[in-house]
Amino acid sequence: MQAQERDGKQAIDLYRDELRRTIQNVHNLIFKYKRGEDGSFIFTLSEGKLARDFGLTTESIGQKKLQEILLTCNEEKILPLYERAYAGQIVEYEASIGDRIFTTTLAPITDSGDVVEVVGSLTEITERKQMERELKETEELYRSLVEDTLVGVYIAYVNEPGFVYVNPYMADMFGYTQEELMKLGMDEVILPVETADETTNSHKDTSHSMRYPFRGLRKDGSTVELEVLQKTTVYKGLPAVIGILLDVTERKQAEEMLRKSEMLSIIGQLAAGVAHEIRNPLTSLKGFLHLLQSRYEDKPKYYDIMLSELNRIEHIVSEFLVLAKPHNVVFNLHDIRPMLEQIILLAETHAIMHDVQIVTKYDADLPPVRCEENQLKQVFLNLLKNAIEAMPDGGEVHVEVEREDNVVVVRFRDHGCGIPEDRLPKLGEPFFTTKEKGTGLGLMVSYKIINSLGGKITVKSKEREGSTFEVRLPVV
Ligand SMILES: Nc1ncnc2c1ncn2[C@@H]1O[C@H](COP(=O)(O)OP(=O)(O)OP(=O)(O)O)[C@@H](O)[C@H]1O
Ligand SMILES: [Mg+2]
């Protein structure tokens with residue numbers, strides 16, 4: 001019997017040693033506490049590698065009050081958590097000690113329904129937290145790279161419709177929200193015509209990377225010129241494509257402009273050759289027409305039409321001449337005022353026809369400017385004519401000349417139809433006109449002339465309120 005008891009006791013001792021060794025060798029800190037007689041919590045156990053690190057083993061802290069050891073710094077925050085565990089809940093919390101971060105779990109131990117002790121375990125998570133933070137930072141970096149970038153970015157599976165991802169900029173390009181566009185997929189936002197050539201194999205071609213232009217169809221039905229740079233990839237284990245979209249509308253427009261101006265210079269060169277040849281016969285045609293008009297008076301309307309058409313031809317020819325021979329002009333000093341007065345005299349009939357009064361205002365002593373007289377007159381005439389034509393219901397056109405330091409400003413101010421903001425950049429483009437009989441060359445010629453004088457033309461305009469064109473010429 002005694003031997004049995006001894007054996008039993010030995011087994012229990014063995015078991016206890018085993019348990020202690022285990023607890024002592026866990027990598028975290030295992031502790032227990034219970035409520036003492038005065039109501040405060042008392043440590044009954046503190047083991048594990050962390051306990052040794054902190055010098056908080058059972059021997060050193062046994063029976064000490066919790067507040068004395070763990071809670072010195074964070075008592076108000078941590079004590080309620082300890083109480084909660086003692087009330088029967090499992091409690092988890094994170095706290096830092098110095099620059100190390102720990103997570104703690106408190107679990108109540110009950111005896112016939114009452115909590116008699118709480119066992120806690122404290123694990124260091126400093127490294128994990130650090131990694132999480134780094135991961136988050138990288139994620140943020142990539143996200144802002146993709147989300148805030150000024151090109152369209154997308155990912156799509158090769159074998160599935162729609163996009164997996166489109167960035168906000170791309171959605172904007174097509175006028176959709178990101179969600180809407182993701183449902184649509186590339187095939188639905190490319191214009192069908194364009195898919196015929198380079199994109200026949202569709203954007204989901206499985207070959208490496210490629211670059212091609214296409215025209216995108218926006219939600220509102222308008223189109224954008226785009227260029228896509230695409231590469232095959234694997235996304236979440238499935239074959240996919242990732243691509244970048246560039247809006248090349250502006251570049252296309254610039255190319256178009258260049259084409260137009262090249263065309264214009266060719267026209268100019270040709271015109272140089274023919275303009276003179278055309279002018280002479282025109283003069284005789286006009287002369288004979290006047291003669292006929294005075295002799296056969298029964299169809300006056302026909303003559304008027306023929307004359308106005310001849311005038312138009314003459315006008316176009318003379319515009320061409322300006323374009324064609326900007327080289328052999330001689331610049332001299334000229335006074336602006338007499339030039340303007342002559343032009344206003346010329347435009348007077350035009351103005352009266354439109355029920356427009358021309359109001360002038362000149363600064364007292366204006367310096368002369370270096371220019372070729374006829375060219376500058378032509379600029380003034382173009383601007384004045386435009387101002388008059390902008391007021392079909394009549395009104396006043398103000399012509400003001402001022403000196404601002406080393407610049408002479410000639411201002412043409414009308415209260416006419418104005419120019420819509422989106423059309424402003426088009427001013428000065430060859431052949432841009434909104435007039436039935438306009439050539440769209442007036443402004444382009446004027447810009448060119450003023451540029452060659454080292455000056456500039458600025459425009460302020462508001463739709464239905466009027467426009468102000470300012471010619472700024474340097475004083476030499
Ligand atoms: N003062 C203005 N108010 C409103 N629109 C203007 C004004 N000046 C120019 N524009 C706009 O700019 C366009 C181009 O002007 P531009 O003088 O180059 O050609 P045009 O007047 O149409 O033709 P042309 O000068 O050969 O008779 C005009 O058709 C008009 O739409
Ligand atoms: Mg004009």
# chains A, B, ... in the order shown; residues from 1 in each chain; ligands from 1
>>> residues_near_ligand(ligand="ligand 2", cutoff="8 Å", atoms="only C-alpha atoms and all ligand atoms", output="mmCIF file with N, CA and C atoms, in the first residue's frame")
data_model
loop_
_atom_site.group_PDB
_atom_site.id
_atom_site.type_symbol
_atom_site.label_atom_id
_atom_site.label_comp_id
_atom_site.auth_asym_id
_atom_site.auth_seq_id
_atom_site.Cartn_x
_atom_site.Cartn_y
_atom_site.Cartn_z
ATOM 1 N N ASN A 382 -8.785 92.969 -90.238
ATOM 2 C CA ASN A 382 -9.333 91.649 -89.886
ATOM 3 C C ASN A 382 -10.044 91.680 -88.546
ATOM 4 N N LEU A 383 -9.378 92.296 -87.553
ATOM 5 C CA LEU A 383 -9.949 92.297 -86.200
ATOM 6 C C LEU A 383 -11.203 93.160 -86.133
ATOM 7 N N LYS A 385 -13.197 93.888 -88.644
ATOM 8 C CA LYS A 385 -14.242 93.196 -89.404
ATOM 9 C C LYS A 385 -14.870 92.097 -88.543
ATOM 10 N N ASN A 386 -14.030 91.341 -87.873
ATOM 11 C CA ASN A 386 -14.553 90.272 -86.997
ATOM 12 C C ASN A 386 -15.453 90.851 -85.914
ATOM 13 N N GLY A 438 -17.064 82.968 -94.483
ATOM 14 C CA GLY A 438 -15.717 83.219 -93.980
ATOM 15 C C GLY A 438 -14.702 82.263 -94.588
ATOM 16 N N THR A 439 -13.458 82.692 -94.590
ATOM 17 C CA THR A 439 -12.407 81.792 -95.076
ATOM 18 C C THR A 439 -11.694 81.137 -93.899
ATOM 19 N N GLY A 440 -11.797 81.763 -92.736
ATOM 20 C CA GLY A 440 -11.064 81.240 -91.589
ATOM 21 C C GLY A 440 -9.571 81.500 -91.725
ATOM 22 N N LEU A 441 -9.218 82.509 -92.487
ATOM 23 C CA LEU A 441 -7.797 82.843 -92.664
ATOM 24 C C LEU A 441 -7.434 84.156 -91.974
ATOM 25 N N GLY A 442 -8.453 84.998 -91.727
ATOM 26 C CA GLY A 442 -8.201 86.331 -91.186
ATOM 27 C C GLY A 442 -7.326 86.316 -89.943
ATOM 28 N N LEU A 443 -7.738 85.540 -88.943
ATOM 29 C CA LEU A 443 -6.989 85.526 -87.687
ATOM 30 C C LEU A 443 -5.629 84.872 -87.851
#
>>> residues_around(residues="segment 160-174 of chain A", least_positions_apart="2", cutoff="8 Å", atoms="only C-alpha atoms", output="MDAnalysis selection string")
chainID A and resid 146:158 176:178 181:186 189 216:219 224 245 247
>>> residues_near_ligand(ligand="ligand 1", cutoff="9 Å", atoms="only C-alpha atoms and all ligand atoms", output="MDAnalysis selection string")
chainID A and resid 315:316 319 382:391 412:420 423:424 426:446 459 461 463 466:469
>>> write_last_selection(atoms="C-alpha atoms", output="compact mmCIF listing (two decimals), in the first residue's frame")
# COMPACT_ATOMS: atom_id res chain seq x y z
CA HIS A 315 -10.10 88.79 -100.82
CA ILE A 316 -8.95 85.17 -100.75
CA GLU A 319 -4.90 86.70 -98.04
CA ASN A 382 -9.33 91.65 -89.89
CA LEU A 383 -9.95 92.30 -86.20
CA LEU A 384 -12.30 95.19 -86.83
CA LYS A 385 -14.24 93.20 -89.40
CA ASN A 386 -14.55 90.27 -87.00
CA ALA A 387 -15.80 92.58 -84.24
CA ILE A 388 -18.42 94.09 -86.54
CA GLU A 389 -19.49 90.68 -87.81
CA ALA A 390 -19.87 89.42 -84.25
CA MET A 391 -22.76 91.87 -83.72
CA PHE A 412 -10.89 95.87 -80.36
CA ARG A 413 -13.81 95.43 -78.02
CA ASP A 414 -17.23 94.22 -79.10
CA HIS A 415 -20.46 93.21 -77.35
CA GLY A 416 -21.21 90.50 -79.84
CA CYS A 417 -21.81 86.79 -79.75
CA GLY A 418 -18.54 85.96 -78.02
CA ILE A 419 -16.58 82.76 -78.45
CA PRO A 420 -17.31 79.54 -76.53
CA ARG A 423 -13.33 77.19 -79.38
CA LEU A 424 -10.77 79.68 -78.09
CA LYS A 426 -8.96 77.07 -82.37
CA LEU A 427 -8.58 80.77 -83.08
CA GLY A 428 -5.77 81.33 -85.52
CA GLU A 429 -6.01 77.82 -86.90
CA PRO A 430 -6.21 77.91 -90.67
CA PHE A 431 -9.71 77.51 -92.05
CA PHE A 432 -11.40 77.73 -88.69
CA THR A 433 -14.53 79.74 -89.32
CA THR A 434 -18.09 79.82 -88.08
CA LYS A 435 -19.23 82.15 -90.83
CA GLU A 436 -21.06 81.03 -93.90
CA LYS A 437 -18.83 83.09 -96.14
CA GLY A 438 -15.72 83.22 -93.98
CA THR A 439 -12.41 81.79 -95.08
CA GLY A 440 -11.06 81.24 -91.59
CA LEU A 441 -7.80 82.84 -92.66
CA GLY A 442 -8.20 86.33 -91.19
CA LEU A 443 -6.99 85.53 -87.69
CA MET A 444 -4.35 83.10 -88.81
CA VAL A 445 -2.81 85.75 -91.06
CA SER A 446 -3.08 88.34 -88.28
CA VAL A 459 -8.19 87.23 -76.63
CA SER A 461 -14.20 86.40 -74.67
CA GLU A 463 -20.25 83.76 -74.89
CA GLY A 466 -18.59 89.86 -76.33
CA SER A 467 -14.92 89.65 -77.10
CA THR A 468 -11.81 91.74 -76.69
CA PHE A 469 -8.89 91.23 -79.01
>>> atom_distance(atom1="atom CA of Glu132 of chain A", atom2="atom CA of Ala107 of chain A")
26.6 Å
>>> closest_residue(among="A:Asp335, A:Glu256, A:Glu277, A:Glu400", to="Glu372 of chain A", atoms="only C-alpha atoms")
A:Asp335
>>> select_by_dssp(residues="segment 258-389 of chain A", states="strand (DSSP E or B)", output="list in words")
Asn332, Leu333, His334, Val356, Gln357, Ile358, Val359, Thr360, Lys361, Tyr362, Val369, Arg370 and Cys371 of chain A
>>> write_last_selection(atoms="N, CA and C atoms", output="tab-separated table (two decimals), in the first residue's frame")
chain	number	residue	atom	x	y	z
A	332	ASN	N	9.45	99.56	-91.07
A	332	ASN	CA	9.80	100.95	-90.78
A	332	ASN	C	8.99	101.43	-89.59
A	333	LEU	N	9.35	102.60	-89.07
A	333	LEU	CA	8.57	103.14	-87.96
A	333	LEU	C	7.32	103.84	-88.50
A	334	HIS	N	6.18	103.49	-87.95
A	334	HIS	CA	4.93	104.10	-88.39
A	334	HIS	C	4.08	104.47	-87.19
A	356	VAL	N	-23.54	99.16	-86.89
A	356	VAL	CA	-22.51	99.21	-85.84
A	356	VAL	C	-21.82	100.57	-85.84
A	357	GLN	N	-21.66	101.16	-84.64
A	357	GLN	CA	-20.87	102.38	-84.52
A	357	GLN	C	-19.46	102.02	-84.03
A	358	ILE	N	-18.50	102.70	-84.62
A	358	ILE	CA	-17.13	102.47	-84.17
A	358	ILE	C	-16.71	103.63	-83.28
A	359	VAL	N	-16.39	103.31	-82.03
A	359	VAL	CA	-16.02	104.35	-81.06
A	359	VAL	C	-14.51	104.26	-80.81
A	360	THR	N	-13.81	105.38	-80.97
A	360	THR	CA	-12.35	105.29	-80.82
A	360	THR	C	-11.85	106.07	-79.61
A	361	LYS	N	-10.72	105.66	-79.12
A	361	LYS	CA	-10.09	106.34	-78.00
A	361	LYS	C	-8.58	106.13	-78.11
A	362	TYR	N	-7.85	107.26	-78.23
A	362	TYR	CA	-6.41	107.13	-78.39
A	362	TYR	C	-5.70	107.80	-77.21
A	369	VAL	N	5.55	102.48	-84.03
A	369	VAL	CA	6.01	101.09	-83.91
A	369	VAL	C	6.66	100.66	-85.22
A	370	ARG	N	7.55	99.69	-85.09
A	370	ARG	CA	8.24	99.20	-86.27
A	370	ARG	C	7.38	98.13	-86.94
A	371	CYS	N	7.03	98.37	-88.20
A	371	CYS	CA	6.14	97.41	-88.87
A	371	CYS	C	6.15	97.65	-90.38
>>> residues_around(residues="Val26 of chain A", least_positions_apart="4", cutoff="9 Å", atoms="only C-alpha atoms", output="list in words")
Arg21, Thr22, Ile30, Glu47, Gly48, Lys49 and Leu50 of chain A
>>> write_last_selection(atoms="N, CA and C atoms", output="compact mmCIF listing (two decimals), in the first residue's frame")
# COMPACT_ATOMS: atom_id res chain seq x y z
N ARG A 21 8.77 22.28 -16.63
CA ARG A 21 9.75 22.43 -17.70
C ARG A 21 9.10 22.97 -18.98
N THR A 22 7.94 22.42 -19.26
CA THR A 22 7.23 22.85 -20.47
C THR A 22 6.92 24.34 -20.40
N ILE A 30 3.80 33.14 -19.62
CA ILE A 30 2.53 32.60 -19.13
C ILE A 30 2.39 33.03 -17.68
N GLU A 47 5.94 32.46 -15.95
CA GLU A 47 6.98 31.58 -16.51
C GLU A 47 7.13 31.81 -18.01
N GLY A 48 8.16 31.19 -18.52
CA GLY A 48 8.39 31.28 -19.98
C GLY A 48 9.60 32.13 -20.27
N LYS A 49 10.03 32.06 -21.52
CA LYS A 49 11.26 32.75 -21.90
C LYS A 49 11.14 34.26 -21.68
N LEU A 50 9.98 34.80 -22.06
CA LEU A 50 9.78 36.24 -21.91
C LEU A 50 9.85 36.65 -20.45
>>> atom_distance(atom1="atom CA of Phe331 of chain A", atom2="atom CA of Ile278 of chain A")
27.4 Å
>>> atom_distance(atom1="atom CA of Glu68 of chain A", atom2="atom CA of Gly55 of chain A")
13.9 Å
>>> closest_residue(among="A:Ile313, A:Lys456, A:Gly394, A:Ala364", to="His350 of chain A", atoms="only C-alpha atoms")
A:Gly394
>>> select_by_dssp(residues="segment 238-412 of chain A", states="alpha helix (DSSP H)", output="PyMOL selection string")
chain A and resi 249-295+300-324+336-353+373-389
>>> residues_around(residues="segment 209-211 of chain A", least_positions_apart="5", cutoff="9 Å", atoms="only C-alpha atoms", output="PyMOL selection string")
chain A and resi 227-232
>>> residues_around(residues="segment 299-306 of chain A", least_positions_apart="3", cutoff="12 Å", atoms="only C-alpha atoms", output="list in words")
Leu282, Leu285, Lys286, Gly287, Phe288, Leu289, His290, Leu291, Leu292, Gln293, Ser294, Arg295, Tyr296, Glu309, Leu310, Asn311, Arg312 and Ile313 of chain A
